[in-house]
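> Please see the structure below; I have some questions.
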Amino acid sequence: MTSWLFGGRVSASGYDPESGMDHPALVPARQHMYTQLTRWMTDFNTDGVRIDSVENIANWDFIQGFKDRARALFAQRWATQGLGAGADSHFLVVGEELSVPLALLTQNRLDGLWNDHFRVLVRAAVLGVTAAEGEPTFEWTVRKAIDCRNLGFTDGTQAVNYITSHDVEGPGRERLYTSFTKFAGFAPADAIRRIKLAFACLLTAVGVPMILAGEEFADRTLALT
């Protein structure tokens, strides 16, 4: 997705799918995304939004506009339901990007980001690696894993922590049981103990925990053991 795609306007009037009317200056891709957002927020009562691969969108003004619109739609629904104050604290728009571009947070363009650092750090710790790559000691591997503020986040709502995501290709990204048994060489019982430790870290670390379906059962192996 290029910057032009979300920033370039067509010269002639075009159909706006959200209002159902012609509009003199549309950004077609941007309006398409706003329309589907409105559909999900108003018809399906979505209470949070994840934007995929935000770095590839290449137009951070659009990302901020998308976040602001989502929040406005949620606040409107909150007020309509007579829930009083506090709408802002009950809604998040988070971005997935493995490079963890924290500027999207400091510039207030997103509420949170996927914290891929957590995956790297926790896997290193439970595998017994002396220190994760780029970290000086085992202690700092653990410190940065359990408290995202040591990675540049300012509070727990900004970091979506995970041990495994849907991107399971490549070394260190495989499902835990596969990674620990097939590639690290641990016996099944030892692998399961380490998986339990990884989940204890995930569920107690500062941040929002995210679990890949099946991982809570060691990819179903725990239930069969």
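Here's how to read the names in the structure tokens: chain A, B, ... by the order shown, residue numbers from 1 in each chain, ligand numbers from 1 in the order shown.
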Determine which residues of chain A receive a DSSP assignment of strand (DSSP E or B), computed from the backbone, and state them as a list in words.
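For chain A, the strand (DSSP E or B) set is Gly14, Tyr15, Asp16, Met21, Asp22, His23, Val49, Arg50, Ile51, Val93, Val94, Gly95, Gly112, Leu113, Trp114, Asn115, Asp147, Ala159, Val160, Asn161, Val206, Val208 and Pro209 of chain A.
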> If we count only C-alpha atoms, what is near Lys182 in chain A at a cut-off of 12 Å, once residues fewer than 5 positions away on the same chain are taken out, given as a list of chain:residue names?
A:Pro171, A:Gly172, A:Glu174, A:Arg175, A:Leu176, A:Tyr177, A:Ala187, A:Pro188, A:Ala191
> For Arg71 in chain A, which residue out of A:Met41, A:Leu121, A:Ile51, A:Ile163 is the nearest one, using only C-alpha atoms?
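The shortest atom-to-atom distance to Arg71 in chain A comes from A:Met41.
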> Show me, as a PyMOL selection string, the residues that have an atom within 8 Å of Ala145 in chain A when counting only C-alpha atoms, minus same-chain residues fewer than 3 positions from it.
chain A and resi 117-118+121-122+141-142+148+205
> Which is closest to Arg109 in chain A among A:Asp61, A:Glu96, A:Glu135, A:Glu18, if we use only C-alpha atoms?
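Ranked by minimum distance to Arg109 in chain A, first place goes to A:Asp61.
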> Running DSSP on the backbone, which parts of range 166-196 of chain A land in alpha helix (DSSP H), as a list in words?
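Reading the DSSP output for range 166-196 of chain A, alpha helix (DSSP H) covers Leu176, Tyr177, Thr178, Pro188, Ala189, Asp190, Ala191, Ile192, Arg193, Arg194, Ile195 and Lys196 of chain A.
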> Create the file for the chosen residues now, containing N, CA, C and O atoms and written as a compact mmCIF listing (two decimals), in the first residue's frame.

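Result written to result-v7.txt:
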# COMPACT_ATOMS: atom_id res chain seq x y z
N LEU A 176 5.05 -23.44 19.80
CA LEU A 176 5.98 -23.73 20.88
C LEU A 176 6.37 -25.20 20.95
O LEU A 176 7.55 -25.53 21.09
N TYR A 177 5.39 -26.08 20.89
CA TYR A 177 5.72 -27.50 21.03
C TYR A 177 6.63 -27.96 19.90
O TYR A 177 7.61 -28.68 20.13
N THR A 178 6.34 -27.51 18.69
CA THR A 178 7.20 -27.85 17.55
C THR A 178 8.60 -27.28 17.74
O THR A 178 9.61 -27.95 17.52
N PRO A 188 9.33 -34.38 25.28
CA PRO A 188 7.98 -33.80 25.40
C PRO A 188 7.64 -33.27 26.79
O PRO A 188 7.09 -32.17 26.92
N ALA A 189 7.96 -34.03 27.84
CA ALA A 189 7.62 -33.58 29.19
C ALA A 189 8.35 -32.28 29.54
O ALA A 189 7.78 -31.37 30.15
N ASP A 190 9.62 -32.19 29.17
CA ASP A 190 10.40 -30.98 29.44
C ASP A 190 9.86 -29.81 28.62
O ASP A 190 9.76 -28.68 29.12
N ALA A 191 9.50 -30.08 27.36
CA ALA A 191 8.96 -29.02 26.51
C ALA A 191 7.68 -28.46 27.11
O ALA A 191 7.48 -27.23 27.11
N ILE A 192 6.83 -29.31 27.64
CA ILE A 192 5.56 -28.85 28.21
C ILE A 192 5.81 -28.00 29.46
O ILE A 192 5.13 -26.99 29.68
N ARG A 193 6.78 -28.38 30.28
CA ARG A 193 7.11 -27.55 31.45
C ARG A 193 7.57 -26.16 31.01
O ARG A 193 7.20 -25.15 31.62
N ARG A 194 8.35 -26.11 29.97
CA ARG A 194 8.83 -24.81 29.48
C ARG A 194 7.70 -24.00 28.86
O ARG A 194 7.67 -22.76 28.98
N ILE A 195 6.77 -24.67 28.21
CA ILE A 195 5.61 -23.96 27.65
C ILE A 195 4.76 -23.36 28.77
O ILE A 195 4.29 -22.22 28.67
N LYS A 196 4.58 -24.11 29.85
CA LYS A 196 3.84 -23.58 31.00
C LYS A 196 4.53 -22.35 31.57
O LYS A 196 3.88 -21.36 31.94
> In terms of the shortest atom-to-atom distance over only C-alpha atoms, which of A:Leu151, A:Ile146, A:Leu197, A:Ala58 is closest to Pro209 in chain A?
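Of A:Leu151, A:Ile146, A:Leu197, A:Ala58, the one nearest Pro209 in chain A is A:Ile146, counting only C-alpha atoms.
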> Which residues are close to Gln158 in chain A, i.e. within 10 Å by only C-alpha atoms, leaving aside same-chain residues fewer than 5 positions away? Reply as a ChimeraX atom specification.
/A:92-95,102,105,110-115,148-149,152-153,206-208
> For Trp60 in chain A, please output as a ChimeraX atom specification all residues within 9 Å (counting only C-alpha atoms; exclusion window: fewer than 4 positions along the same chain).
/A:3,54-55,64-65,104,109
> Work out how far apart CA of Arg69 in chain A and CA of Pro17 in chain A are and give it in Å to one decimal.
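Taking CA of Arg69 in chain A and CA of Pro17 in chain A, their separation equals 16.0 Å.
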> Using only C-alpha atoms, can you tell me which of A:Gly48, A:Asp155, A:Arg143, A:Asn108 comes closest to Ala125 in chain A?
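Selected residue with least distance to Ala125 in chain A: A:Arg143.
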> Which residue is closest to Ala70 in chain A? Choose from A:Gly134, A:Tyr34, A:Gly82, A:Leu98 and count only C-alpha atoms.
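Comparing A:Gly134, A:Tyr34, A:Gly82, A:Leu98 against Ala70 in chain A, the winner is A:Tyr34.
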> Any idea what the distance is between CA of Thr130 in chain A and CA of Ala218 in chain A?
24.2 Å
